[in-house]
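Below: upload.txt (compact mmCIF, C-alpha atoms)
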```
# COMPACT_ATOMS: atom_id res chain seq x y z
CA MET A 124 -13.16 22.14 8.61
CA THR A 125 -10.51 20.15 6.73
CA GLY A 126 -10.99 17.24 9.10
CA THR A 127 -14.78 17.18 8.60
CA ILE A 128 -14.47 17.24 4.80
CA ALA A 129 -11.93 14.41 4.97
CA LEU A 130 -14.18 12.36 7.27
CA ILE A 131 -17.16 12.73 4.91
CA THR A 132 -14.99 11.89 1.89
CA GLY A 133 -13.77 8.75 3.62
CA ILE A 134 -17.32 7.70 4.53
CA LEU A 135 -18.46 8.24 0.92
CA LEU A 136 -15.55 6.16 -0.40
CA VAL A 137 -16.34 3.34 2.03
CA LEU A 138 -19.99 3.35 0.93
CA ILE A 139 -19.07 3.44 -2.79
CA GLY A 140 -16.66 0.53 -2.26
CA LEU A 141 -19.26 -1.49 -0.32
CA TRP A 142 -21.85 -0.82 -3.01
CA GLY A 143 -19.38 -1.93 -5.68
CA ILE A 144 -18.54 -5.14 -3.81
CA LEU A 145 -22.19 -6.05 -3.28
CA THR A 146 -23.68 -5.19 -6.67
CA ASN A 147 -20.98 -6.15 -9.18
CA ARG A 148 -20.98 -9.65 -10.63
CA ASP A 149 -17.45 -9.37 -12.02
CA ILE A 150 -14.68 -10.49 -9.67
CA ILE A 151 -12.09 -7.95 -10.89
CA ARG A 152 -14.50 -5.09 -10.25
CA MET A 153 -15.30 -6.48 -6.81
CA ILE A 154 -11.57 -6.30 -6.04
CA VAL A 155 -11.52 -2.70 -7.30
CA GLY A 156 -14.36 -2.07 -4.84
CA PHE A 157 -12.23 -3.57 -2.07
CA SER A 158 -9.36 -1.22 -2.84
CA LEU A 159 -11.68 1.81 -2.81
CA PHE A 160 -13.03 0.64 0.56
CA ASP A 161 -9.42 0.49 1.73
CA VAL A 162 -8.67 4.08 0.68
CA GLY A 163 -11.85 5.26 2.42
CA ILE A 164 -10.85 3.61 5.70
CA HIS A 165 -7.40 5.21 5.48
CA ILE A 166 -8.88 8.70 5.00
CA ILE A 167 -11.21 8.18 7.99
CA MET A 168 -8.31 7.04 10.21
CA LEU A 169 -6.16 10.02 9.24
CA SER A 170 -9.00 12.49 9.77
CA ILE A 171 -9.34 11.20 13.34
CA GLY A 172 -5.68 12.03 13.99
CA TYR A 173 -5.82 15.43 12.31
CA VAL A 174 -5.01 18.46 14.48
CA ALA A 175 -6.28 21.79 13.14
CA GLY A 176 -3.31 23.95 12.20
CA GLY A 177 -0.81 21.21 12.96
CA THR A 178 2.20 20.50 10.77
CA ALA A 179 3.69 17.16 9.77
CA PRO A 180 5.39 15.40 12.70
CA ILE A 181 8.94 15.95 11.44
CA ILE A 182 11.04 17.91 13.91
CA GLU A 183 14.02 19.51 12.22
CA ASN A 184 15.54 21.20 15.25
CA LEU A 185 15.25 20.22 18.87
CA SER A 186 14.06 23.79 19.57
CA ASP A 187 10.89 23.11 17.55
CA ILE A 188 9.54 20.74 20.20
CA GLY A 189 6.26 22.00 21.62
CA LYS A 190 4.80 23.40 18.42
CA SER A 191 1.53 22.00 17.13
CA TYR A 192 1.93 18.70 15.26
CA VAL A 193 -0.59 16.22 13.91
CA ASP A 194 -0.93 12.83 15.57
CA PRO A 195 1.85 10.45 14.37
CA VAL A 196 0.23 7.22 15.57
CA PRO A 197 -2.66 7.01 13.02
CA GLN A 198 -0.16 7.89 10.31
CA ALA A 199 2.06 4.97 11.29
CA LEU A 200 -0.98 2.65 11.35
CA VAL A 201 -2.18 3.81 7.92
CA LEU A 202 1.34 3.37 6.52
CA THR A 203 1.23 -0.26 7.63
CA ALA A 204 -2.32 -0.72 6.38
CA ILE A 205 -1.54 0.49 2.85
CA VAL A 206 1.27 -2.04 2.43
CA ILE A 207 -0.86 -4.89 3.76
CA GLY A 208 -3.66 -3.74 1.43
CA LEU A 209 -1.35 -4.23 -1.54
CA GLY A 210 -0.46 -7.75 -0.35
CA ILE A 211 -4.13 -8.68 0.07
CA THR A 212 -5.05 -7.20 -3.32
CA ALA A 213 -2.31 -9.22 -5.02
CA PHE A 214 -3.55 -12.33 -3.21
CA MET A 215 -7.16 -11.76 -4.32
CA LEU A 216 -6.08 -11.11 -7.91
CA THR A 217 -4.05 -14.32 -8.01
CA TYR A 218 -7.08 -16.17 -6.76
CA ALA A 219 -9.20 -14.57 -9.46
CA VAL A 220 -6.68 -15.62 -12.13
CA ASN A 221 -6.75 -19.17 -10.78
CA MET A 222 -10.55 -19.27 -10.76
CA TYR A 223 -10.58 -18.00 -14.33
CA GLU A 224 -8.24 -20.76 -15.42
CA LYS A 225 -10.46 -23.37 -13.76
CA LYS A 226 -13.83 -22.11 -14.98
CA GLY A 227 -13.15 -19.79 -17.91
CA THR A 228 -15.29 -17.01 -16.50
CA LEU A 229 -15.10 -14.21 -13.95
CA GLU A 230 -18.84 -13.97 -13.24
CA ILE A 231 -19.39 -14.71 -9.56
CA ASP A 232 -22.80 -16.30 -10.34
CA LYS A 233 -21.12 -19.11 -12.26
CA PHE A 234 -19.28 -20.35 -9.18
CA GLU A 235 -21.85 -22.59 -7.60
CA GLU A 236 -19.81 -24.92 -5.41
CA LEU A 237 -20.36 -22.91 -2.27
CA LYS A 238 -24.07 -22.29 -2.76
CA TRP A 239 -26.56 -24.23 -0.75
CA MET B 10 -35.42 -8.05 -6.08
CA VAL B 11 -35.20 -9.07 -2.45
CA LYS B 12 -31.43 -9.13 -2.87
CA LYS B 13 -31.40 -5.51 -4.06
CA VAL B 14 -33.48 -4.40 -1.09
CA PHE B 15 -31.07 -6.15 1.27
CA ILE B 16 -28.08 -4.51 -0.42
CA LEU B 17 -29.70 -1.07 -0.17
CA LEU B 18 -30.58 -1.71 3.48
CA MET B 19 -27.02 -2.79 4.28
CA ILE B 20 -25.48 0.26 2.62
CA ILE B 21 -27.90 2.62 4.38
CA LEU B 22 -27.19 1.00 7.75
CA THR B 23 -23.40 1.16 7.25
CA GLY B 24 -23.81 4.77 6.20
CA LEU B 25 -25.80 5.52 9.35
CA ILE B 26 -23.20 3.88 11.58
CA LEU B 27 -20.37 5.82 9.96
CA TRP B 28 -22.40 9.03 9.82
CA SER B 29 -22.76 8.98 13.60
CA PHE B 30 -19.10 10.09 13.75
CA VAL B 31 -19.75 13.26 11.79
CA PRO B 32 -21.96 15.51 13.99
CA GLY B 33 -19.73 15.09 17.02
CA TYR B 34 -16.50 15.47 15.08
CA GLU B 35 -14.17 18.31 15.85
CA SER B 36 -10.55 18.51 14.82
CA ARG B 37 -8.37 17.98 17.85
CA THR B 38 -6.59 20.94 19.30
CA ALA B 39 -4.25 18.88 21.45
CA LEU B 40 -2.74 15.44 21.05
CA PRO B 41 -3.75 12.47 23.19
CA GLU B 42 -1.30 11.58 25.95
CA VAL B 43 0.65 8.83 24.19
CA SER B 44 1.07 10.78 20.96
CA ALA B 45 2.09 13.87 22.89
CA HIS B 46 4.79 11.81 24.59
CA TYR B 47 6.02 10.55 21.21
CA VAL B 48 6.15 14.05 19.74
CA GLU B 49 7.71 15.78 22.73
CA LYS B 50 10.09 13.13 24.05
CA GLY B 51 10.72 11.19 20.84
CA PRO B 52 13.49 13.36 19.37
CA GLU B 53 15.47 13.26 22.61
CA GLU B 54 14.82 9.61 23.43
CA LEU B 55 15.46 8.15 19.98
CA GLY B 56 17.19 10.90 18.02
CA ALA B 57 14.89 10.57 15.00
CA ALA B 58 13.58 13.74 13.36
CA ASN B 59 10.69 11.99 11.63
CA ILE B 60 8.35 10.93 14.44
CA VAL B 61 6.33 8.65 12.16
CA THR B 62 9.51 6.66 11.52
CA ALA B 63 10.25 6.55 15.24
CA VAL B 64 6.76 5.16 15.90
CA VAL B 65 6.94 2.62 13.05
CA VAL B 66 10.44 1.33 13.75
CA THR B 67 10.89 1.60 17.49
CA TYR B 68 7.83 2.46 19.58
CA ARG B 69 5.56 0.12 17.60
CA GLY B 70 8.34 -1.96 16.06
CA LEU B 71 6.69 -5.27 16.89
CA ASP B 72 3.70 -4.31 14.70
CA THR B 73 6.06 -3.64 11.81
CA LEU B 74 7.66 -7.04 12.25
CA GLY B 75 4.23 -8.68 12.10
CA GLU B 76 3.33 -6.60 9.10
CA VAL B 77 6.43 -7.58 7.15
CA THR B 78 5.60 -11.20 7.99
CA ILE B 79 2.08 -10.79 6.56
CA LEU B 80 3.56 -9.29 3.40
CA PHE B 81 5.93 -12.24 3.15
CA ALA B 82 3.03 -14.68 3.50
CA ALA B 83 1.04 -12.82 0.84
CA SER B 84 3.91 -12.85 -1.65
CA ALA B 85 4.61 -16.54 -0.95
CA VAL B 86 0.96 -17.43 -1.56
CA VAL B 87 0.91 -15.40 -4.79
CA GLY B 88 3.98 -17.29 -6.00
CA LEU B 89 2.47 -20.64 -5.01
CA LEU B 90 -0.91 -20.07 -6.65
CA ILE B 91 0.63 -18.75 -9.85
CA HIS B 92 2.96 -21.74 -10.05
CA LEU B 93 0.14 -24.25 -9.69
CA ASN B 94 -0.82 -23.94 -13.33
CA LYS B 95 1.69 -23.28 -16.07
CA ASN B 96 -0.19 -23.39 -19.30
CA GLU B 97 1.09 -20.22 -20.84
CA ASN B 98 3.81 -20.86 -23.37
CA LYS B 99 3.75 -18.18 -26.01
CA ARG B 100 6.35 -15.47 -26.21
CA ARG B 101 5.27 -11.92 -25.57
CA ARG B 102 6.08 -8.96 -27.74
CA GLU B 103 9.22 -7.14 -26.55
CA GLY B 104 8.91 -3.56 -25.39
CA SER B 105 9.53 -0.81 -27.93
CA GLU B 106 12.93 0.73 -28.61
CA ILE B 107 12.06 3.82 -26.56
CA LEU B 108 10.96 1.74 -23.60
CA ARG B 109 14.07 -0.44 -23.68
CA THR B 110 16.50 2.49 -23.95
CA GLY B 111 14.60 4.39 -21.26
CA THR B 112 14.73 1.36 -19.00
CA ALA B 113 18.49 1.01 -19.42
CA LEU B 114 18.87 4.67 -18.48
CA LEU B 115 16.31 4.88 -15.67
CA PHE B 116 16.59 1.51 -13.94
CA PRO B 117 19.76 2.28 -11.90
CA LEU B 118 18.54 5.80 -11.12
CA ILE B 119 15.21 4.54 -9.77
CA LEU B 120 17.03 1.90 -7.68
CA LEU B 121 19.32 4.61 -6.31
CA PHE B 122 16.33 6.83 -5.49
CA GLY B 123 14.65 3.97 -3.64
CA ILE B 124 17.80 3.43 -1.57
CA TYR B 125 18.02 7.18 -0.89
CA VAL B 126 14.43 7.20 0.33
CA PHE B 127 14.88 4.41 2.85
CA ILE B 128 18.31 5.45 4.12
CA ASN B 129 16.97 8.94 4.90
CA GLY B 130 13.80 7.58 6.47
CA HIS B 131 14.58 8.97 9.92
CA LEU B 132 15.19 12.54 8.65
CA THR B 133 12.74 13.18 5.82
CA PRO B 134 9.36 11.75 4.82
CA GLY B 135 9.85 8.27 3.44
CA GLY B 136 11.28 5.05 4.69
CA GLY B 137 11.45 1.34 4.16
CA PHE B 138 7.97 0.83 2.75
CA GLN B 139 8.11 3.73 0.31
CA GLY B 140 11.67 2.90 -0.75
CA GLY B 141 10.76 -0.75 -1.21
CA ALA B 142 7.81 0.24 -3.40
CA ILE B 143 10.08 2.46 -5.51
CA ILE B 144 12.53 -0.42 -5.99
CA ALA B 145 9.63 -2.66 -7.00
CA SER B 146 8.52 -0.05 -9.54
CA ALA B 147 12.00 -0.21 -11.09
CA VAL B 148 11.46 -3.97 -11.43
CA VAL B 149 8.05 -3.26 -13.03
CA LEU B 150 9.81 -1.12 -15.65
CA GLN B 151 12.28 -3.93 -16.33
CA VAL B 152 9.45 -6.46 -16.68
CA LEU B 153 7.55 -4.19 -19.08
CA ALA B 154 10.58 -3.67 -21.30
CA TYR B 155 11.69 -7.32 -21.41
CA PRO B 156 8.60 -9.46 -20.76
CA ASN B 157 10.34 -12.64 -21.88
CA ARG B 158 13.47 -12.34 -19.80
CA LYS B 159 13.50 -14.71 -16.87
CA ILE B 160 14.29 -13.06 -13.57
CA GLY B 161 15.25 -15.62 -11.00
CA HIS B 162 13.64 -15.66 -7.57
CA GLY B 163 16.89 -16.96 -6.05
CA LEU B 164 18.65 -13.67 -5.35
CA LEU B 165 15.40 -12.02 -4.26
CA SER B 166 14.60 -14.75 -1.74
CA VAL B 167 18.16 -14.68 -0.36
CA ILE B 168 17.96 -10.88 0.15
CA GLU B 169 14.48 -11.23 1.61
CA SER B 170 15.27 -13.92 4.15
CA LEU B 171 18.67 -12.47 5.13
CA SER B 172 17.21 -9.03 5.85
CA GLY B 173 14.26 -10.50 7.73
CA PHE B 174 16.58 -12.67 9.83
CA THR B 175 18.92 -9.76 10.61
CA TYR B 176 15.91 -7.63 11.58
CA VAL B 177 14.84 -10.19 14.17
CA LEU B 178 18.43 -10.65 15.41
CA LEU B 179 18.91 -6.91 15.88
CA GLY B 180 15.56 -6.72 17.63
CA ALA B 181 16.52 -9.53 19.97
CA ALA B 182 19.89 -7.89 20.66
CA GLY B 183 17.94 -5.03 22.24
CA VAL B 184 16.68 -7.43 24.91
CA PHE B 185 20.23 -8.17 26.11
CA LEU B 186 22.00 -4.86 25.51
CA THR B 187 19.48 -2.21 26.62
CA VAL B 188 16.97 -1.70 29.36
CA ASN B 189 13.90 -1.27 27.16
CA GLY B 190 13.90 -4.65 25.50
CA PHE B 191 12.89 -5.83 22.07
CA LEU B 192 13.74 -3.52 19.13
CA ASP B 193 15.29 -0.73 21.16
CA ASN B 194 17.35 1.42 18.80
CA ARG B 195 19.90 2.58 21.37
CA ILE B 196 22.32 -0.29 20.81
CA LEU B 197 24.28 2.09 18.60
CA PRO B 198 25.07 5.63 19.80
CA LEU B 199 22.41 8.19 18.92
CA GLY B 200 24.88 10.49 17.16
CA GLU B 201 24.37 14.08 16.19
CA TYR B 202 20.69 15.01 15.83
CA GLY B 203 19.68 15.46 12.18
CA SER B 204 22.71 13.87 10.53
CA LEU B 205 22.56 10.79 8.32
CA LEU B 206 24.26 8.44 10.77
CA SER B 207 22.13 9.21 13.77
CA ALA B 208 19.17 7.77 15.65
CA GLY B 209 21.01 4.58 16.55
CA LEU B 210 19.60 1.50 14.90
CA ILE B 211 16.74 3.19 13.01
CA PRO B 212 18.51 3.67 9.63
CA VAL B 213 19.85 0.11 9.79
CA ILE B 214 16.45 -1.40 10.52
CA TYR B 215 14.69 0.75 7.94
CA THR B 216 17.26 -0.29 5.33
CA LEU B 217 16.56 -3.93 6.15
CA VAL B 218 12.80 -3.31 5.99
CA GLY B 219 13.27 -1.53 2.66
CA LEU B 220 15.25 -4.44 1.19
CA LYS B 221 12.72 -6.92 2.49
CA VAL B 222 9.65 -5.04 1.24
CA GLY B 223 11.35 -4.28 -2.07
CA SER B 224 12.22 -7.92 -2.74
CA GLU B 225 8.79 -9.13 -1.64
CA LEU B 226 6.92 -6.67 -3.88
CA SER B 227 9.30 -7.41 -6.76
CA SER B 228 8.69 -11.13 -6.43
CA VAL B 229 4.91 -10.49 -6.45
CA VAL B 230 5.32 -8.50 -9.68
CA ILE B 231 7.54 -11.15 -11.27
CA SER B 232 5.17 -13.95 -10.24
CA LEU B 233 2.15 -12.15 -11.68
CA ASN B 234 4.02 -11.41 -14.90
CA GLY B 235 4.51 -15.15 -15.23
CA GLU B 236 7.86 -16.77 -15.84
CA SER B 237 6.87 -19.99 -17.49
CA GLU B 238 9.10 -19.36 -20.53
CA GLU B 239 12.03 -21.05 -18.81
CA GLU B 240 12.28 -23.86 -21.32
CA GLN B 241 12.40 -21.45 -24.24
CA LEU B 242 15.23 -19.27 -23.03
CA MET C 215 -8.72 29.03 0.63
CA THR C 216 -7.02 25.77 1.61
CA ASP C 217 -10.43 24.42 2.57
CA ILE C 218 -11.78 25.16 -0.91
CA ILE C 219 -8.88 23.36 -2.63
CA PHE C 220 -9.28 20.47 -0.19
CA LEU C 221 -13.01 20.29 -0.97
CA ILE C 222 -12.37 20.28 -4.74
CA ILE C 223 -9.83 17.46 -4.50
CA ALA C 224 -12.15 15.53 -2.19
CA LEU C 225 -14.88 15.88 -4.84
CA PHE C 226 -12.43 14.61 -7.48
CA THR C 227 -11.66 11.58 -5.30
CA VAL C 228 -15.32 10.70 -4.83
CA THR C 229 -16.08 11.26 -8.53
CA ALA C 230 -13.20 9.01 -9.64
CA ALA C 231 -14.36 6.31 -7.21
CA LEU C 232 -17.97 6.55 -8.43
CA TYR C 233 -16.82 6.36 -12.04
CA ALA C 234 -14.73 3.29 -11.24
CA MET C 235 -17.85 1.51 -10.05
CA LEU C 236 -20.23 2.82 -12.75
CA THR C 237 -18.23 2.25 -15.93
CA LYS C 238 -18.73 -0.96 -17.88
CA ASP C 239 -15.09 -1.34 -18.99
CA ARG C 240 -12.79 -3.25 -16.62
CA THR C 241 -9.65 -1.36 -17.72
CA VAL C 242 -11.27 2.05 -17.20
CA SER C 243 -12.51 0.88 -13.82
CA VAL C 244 -9.00 -0.10 -12.68
CA LEU C 245 -7.52 3.14 -14.01
CA SER C 246 -10.02 5.39 -12.30
CA ALA C 247 -9.58 3.52 -9.02
CA GLY C 248 -5.89 4.36 -9.39
CA ALA C 249 -6.82 7.99 -10.01
CA ALA C 250 -8.94 7.97 -6.84
CA GLY C 251 -5.89 6.71 -4.94
CA LEU C 252 -3.74 9.47 -6.42
CA PHE C 253 -6.24 12.19 -5.44
CA ALA C 254 -6.47 10.62 -1.98
CA SER C 255 -2.69 10.93 -1.68
CA ILE C 256 -3.01 14.69 -2.33
CA LEU C 257 -5.62 14.77 0.46
CA PHE C 258 -3.15 12.99 2.77
CA LEU C 259 -0.48 15.56 1.91
CA MET C 260 -2.85 18.41 2.74
CA MET C 261 -3.69 16.70 6.05
CA ALA C 262 0.02 17.02 6.99
CA ALA C 263 0.87 13.35 6.43
CA PRO C 264 3.68 13.33 3.83
CA ASP C 265 4.78 9.79 4.76
CA VAL C 266 1.33 8.37 4.10
CA ALA C 267 1.00 10.43 0.92
CA MET C 268 4.23 8.95 -0.46
CA THR C 269 3.16 5.42 0.40
CA GLU C 270 -0.29 5.87 -1.09
CA ALA C 271 1.09 7.37 -4.30
CA ALA C 272 3.76 4.69 -4.75
CA ILE C 273 1.88 1.63 -3.51
CA GLY C 274 -1.85 2.33 -3.38
CA SER C 275 -2.00 4.12 -6.69
CA GLY C 276 1.04 2.95 -8.66
CA LEU C 277 1.86 -0.67 -7.86
CA THR C 278 -1.75 -1.75 -7.26
CA THR C 279 -2.79 -0.55 -10.71
CA PHE C 280 0.14 -2.38 -12.27
CA ILE C 281 -0.71 -5.60 -10.47
CA PHE C 282 -4.31 -5.32 -11.69
CA PHE C 283 -3.06 -4.96 -15.24
CA PHE C 284 -0.70 -7.92 -14.92
CA ALA C 285 -3.60 -10.04 -13.67
CA LEU C 286 -5.86 -8.80 -16.48
CA ARG C 287 -3.19 -9.68 -19.03
CA LYS C 288 -2.83 -13.15 -17.56
CA ILE C 289 -6.59 -13.62 -17.78
CA ARG C 290 -6.64 -12.41 -21.39
CA SER C 291 -3.75 -14.65 -22.46
CA SER C 292 -5.30 -17.74 -20.88
CA ARG C 293 -8.54 -16.94 -22.73
CA ASN C 294 -6.77 -17.01 -26.11
CA GLY C 295 -4.46 -19.93 -25.50
```

Could you show the structure in this file as structure tokens?
Amino acid sequence: MTGTIALITGILLVLIGLWGILTNRDIIRMIVGFSLFDVGIHIIMLSIGYVAGGTAPIIENLSDIGKSYVDPVPQALVLTAIVIGLGITAFMLTYAVNMYEKKGTLEIDKFEELKW
Amino acid sequence: MVKKVFILLMIILTGLILWSFVPGYESRTALPEVSAHYVEKGPEELGAANIVTAVVVTYRGLDTLGEVTILFAASAVVGLLIHLNKNENKRRREGSEILRTGTALLFPLILLFGIYVFINGHLTPGGGFQGGAIIASAVVLQVLAYPNRKIGHGLLSVIESLSGFTYVLLGAAGVFLTVNGFLDNRILPLGEYGSLLSAGLIPVIYTLVGLKVGSELSSVVISLNGESEEEQL
Amino acid sequence: MTDIIFLIIALFTVTAALYAMLTKDRTVSVLSAGAAGLFASILFLMMAAPDVAMTEAAIGSGLTTFIFFFALRKIRSSRNG
């Protein structure tokens, strides 16, 4: 049950983030949408590795081997993904600051160089 | 109008694709084969109590190396883009008395806690990434209390490149000294299971990763705070 | 019982995320995205992933919010100057 709730939560967060990216005109709020999308993906990945009734994969004594643990591999992947997400967010924000200093606005509609 | 319809259509389609996971979803009752191997054989093979750490540092260590490289590239680009335009010259208001006194008191403690977190990464939850983030949050506190103080990138970049270089060297030493190749942690003896100095190379590598991540995140924070007041101080 | 708590926190996460996208104020939007990250880190803890919960709380919720605010301050100061 926990896994299903987590999966649905993750899907909802991804959709909210996508909606925010597509409908907002303000660059900062688009980046907020990106970070929500990120969190949603992380919840989905962890829910795939969830084992019902499993505990965290930290084995205190060697005699505890063989009990039920959750999957460590998605956790390691999500750990990596969170850190990279921070790097990408900082990169996007710097870009937004630079664009603001060039144009004096954060509205995406005002940036017309790439339109055809 | 057409744009809104397209946006709605795209969200509904993405929702449908993702929703197709839900009806067939059941929580696993057993682990897949690879994960089961990590959980059952990991403590004996590598001597690390925290299996997530074992996967991050040793079993999938190459991924972590790539990841740290991406983080380095991101922080370098942030520094470059911020430095392209320096038009900000006014002094900022100093932090309040409470903030400055609190910073003096808390800064070393937060640093110490960050170091504790990454040294114990193989025994308890935590590790290089979390510890690095905690160290960076100590730097955030410093920057908030003294926004006009210039913090040089010199020391940070020395720590960053030295730890990255040592990480690669230790990884390459595994190729020559052990049978399993790159980033094997059994160069050092495994030690007593569950003690601080155990699990071979894992605490060493996680300390290096912690220093590297901490200095990279700190330099992102310092770059974004802006340090163009050099000529005034 | 655990399921009910999990469901409530999941609802909090989704609500905070929705509010981040609905509100007109940039600052409130950034703050409630941070709150969504913090609630998500409680979800991670309840899904037996303490490592990920720590990372999400320290990086995804804490540092990201700070970096947003630094960028917002830079934008504001270049507007005035």

Need to verify the contact set: B:Gly111, 10 Å, all atoms listed in the file, exclusion of same-chain residues closer than 6 positions in sequence. Can you return it as a PDB file with C-alpha atoms, keeping the file's coordinate frame?
```
ATOM      1  CA  SER B 105       9.530  -0.810 -27.930  1.00  0.00           C
ATOM      2  CA  LEU B 150       9.810  -1.120 -15.650  1.00  0.00           C
ATOM      3  CA  GLN B 151      12.280  -3.930 -16.330  1.00  0.00           C
ATOM      4  CA  ALA B 154      10.580  -3.670 -21.300  1.00  0.00           C
TER       5      ALA B 154
END
```

*What does the distance from atom CA of A:Val137 to atom CA of A:Phe157 come to in Å, to one decimal?*
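That distance, rounded to one decimal, is 9.0 Å.
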
Can you write out as a tab-separated table which residues of chain C fall within 8 Å of chain A, alongside each residue's closest atom pair and its distance in Å to one decimal, counting only C-alpha atoms and ordering rows by chain and ascending residue number?
```
residue	atom	partner	partner_atom	distance
C:Asp217	CA	A:Thr125	CA	6.0
C:Phe220	CA	A:Thr125	CA	7.0
C:Leu221	CA	A:Ile128	CA	6.7
C:Ala224	CA	A:Thr132	CA	6.2
C:Leu225	CA	A:Thr132	CA	7.8
C:Thr227	CA	A:Thr132	CA	7.9
C:Val228	CA	A:Leu136	CA	6.3
C:Ala231	CA	A:Leu159	CA	6.8
C:Leu232	CA	A:Ile139	CA	6.5
C:Ala234	CA	A:Val155	CA	7.9
C:Met235	CA	A:Gly143	CA	5.8
C:Arg240	CA	A:Arg152	CA	6.8
C:Ser243	CA	A:Arg152	CA	7.2
C:Val244	CA	A:Val155	CA	6.5
C:Ala247	CA	A:Val155	CA	6.7
C:Ala250	CA	A:Leu159	CA	7.9
C:Gly251	CA	A:Val162	CA	6.8
C:Ala254	CA	A:Val162	CA	7.4
C:Leu257	CA	A:Ala129	CA	7.8
C:Phe258	CA	A:Ile166	CA	7.5
C:Met261	CA	A:Tyr173	CA	6.7
C:Ala262	CA	A:Ala179	CA	4.6
C:Ala263	CA	A:Ala179	CA	5.8
C:Pro264	CA	A:Ala179	CA	7.1
C:Asp265	CA	A:Leu202	CA	7.5
C:Val266	CA	A:Leu202	CA	5.6
C:Thr269	CA	A:Leu202	CA	6.7
C:Glu270	CA	A:Ile205	CA	6.8
C:Ile273	CA	A:Leu209	CA	7.0
C:Gly274	CA	A:Ile205	CA	6.5
C:Leu277	CA	A:Leu209	CA	7.9
C:Thr278	CA	A:Leu209	CA	6.2
C:Ile281	CA	A:Ala213	CA	6.7
C:Phe282	CA	A:Leu216	CA	7.1
C:Ala285	CA	A:Leu216	CA	6.4
C:Lys288	CA	A:Val220	CA	7.1
C:Ile289	CA	A:Val220	CA	6.0
C:Ser292	CA	A:Glu224	CA	6.9
C:Arg293	CA	A:Gly227	CA	7.3
```

*Interface list for chain B, partner chain A, 6 Å threshold, all atoms listed in the file, as an MDAnalysis selection string*: chainID B and resid 36:38 49 58:61 65 80 83 87

_I need the chain B residues near chain C as a ChimeraX atom specification; criterion: at most 10 Å, counting all atoms listed in the file._
/B:59,61-62,96-99,101,130,133-143,145-146,149,153,226,229-235

*asked:* What's the separation between atom CA of B:Leu71 and atom CA of B:Ile119, in Å to one decimal place?
replied: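 A separation of 29.7 Å between them.
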
*In Å, how far is it from atom CA of B:Gly209 to atom CA of B:Phe81?*
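Atom-to-atom, atom CA of B:Gly209 to atom CA of B:Phe81, that is 26.3 Å.
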
For stretch 143-154 of chain A, which lacks atoms in the input, supply N, CA and C atoms and format the output as an mmCIF file, in the coordinates of the input.
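Now in selection.cif:
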```cif
data_model
loop_
_atom_site.group_PDB
_atom_site.id
_atom_site.type_symbol
_atom_site.label_atom_id
_atom_site.label_comp_id
_atom_site.auth_asym_id
_atom_site.auth_seq_id
_atom_site.Cartn_x
_atom_site.Cartn_y
_atom_site.Cartn_z
ATOM 1 N N GLY A 143 -20.015 -1.247 -4.557
ATOM 2 C CA GLY A 143 -19.380 -1.930 -5.680
ATOM 3 C C GLY A 143 -19.192 -3.414 -5.388
ATOM 4 N N ILE A 144 -18.758 -3.738 -4.153
ATOM 5 C CA ILE A 144 -18.540 -5.140 -3.810
ATOM 6 C C ILE A 144 -19.849 -5.917 -3.883
ATOM 7 N N LEU A 145 -20.945 -5.296 -3.390
ATOM 8 C CA LEU A 145 -22.190 -6.050 -3.280
ATOM 9 C C LEU A 145 -22.936 -6.156 -4.602
ATOM 10 N N THR A 146 -22.841 -5.138 -5.480
ATOM 11 C CA THR A 146 -23.680 -5.190 -6.670
ATOM 12 C C THR A 146 -22.977 -5.745 -7.894
ATOM 13 N N ASN A 147 -21.634 -5.683 -7.962
ATOM 14 C CA ASN A 147 -20.980 -6.150 -9.180
ATOM 15 C C ASN A 147 -20.944 -7.671 -9.228
ATOM 16 N N ARG A 148 -21.068 -8.208 -10.461
ATOM 17 C CA ARG A 148 -20.980 -9.650 -10.630
ATOM 18 C C ARG A 148 -19.572 -10.061 -11.053
ATOM 19 N N ASP A 149 -18.768 -9.093 -11.452
ATOM 20 C CA ASP A 149 -17.450 -9.370 -12.020
ATOM 21 C C ASP A 149 -16.392 -9.338 -10.910
ATOM 22 N N ILE A 150 -15.571 -10.382 -10.827
ATOM 23 C CA ILE A 150 -14.680 -10.490 -9.670
ATOM 24 C C ILE A 150 -13.650 -9.357 -9.653
ATOM 25 N N ILE A 151 -13.089 -9.001 -10.844
ATOM 26 C CA ILE A 151 -12.090 -7.950 -10.890
ATOM 27 C C ILE A 151 -12.665 -6.642 -10.347
ATOM 28 N N ARG A 152 -13.928 -6.346 -10.722
ATOM 29 C CA ARG A 152 -14.500 -5.090 -10.250
ATOM 30 C C ARG A 152 -14.854 -5.157 -8.771
ATOM 31 N N MET A 153 -15.121 -6.357 -8.257
ATOM 32 C CA MET A 153 -15.300 -6.480 -6.810
ATOM 33 C C MET A 153 -13.998 -6.149 -6.091
ATOM 34 N N ILE A 154 -12.850 -6.592 -6.678
ATOM 35 C CA ILE A 154 -11.570 -6.300 -6.040
ATOM 36 C C ILE A 154 -11.273 -4.815 -6.109
#
```
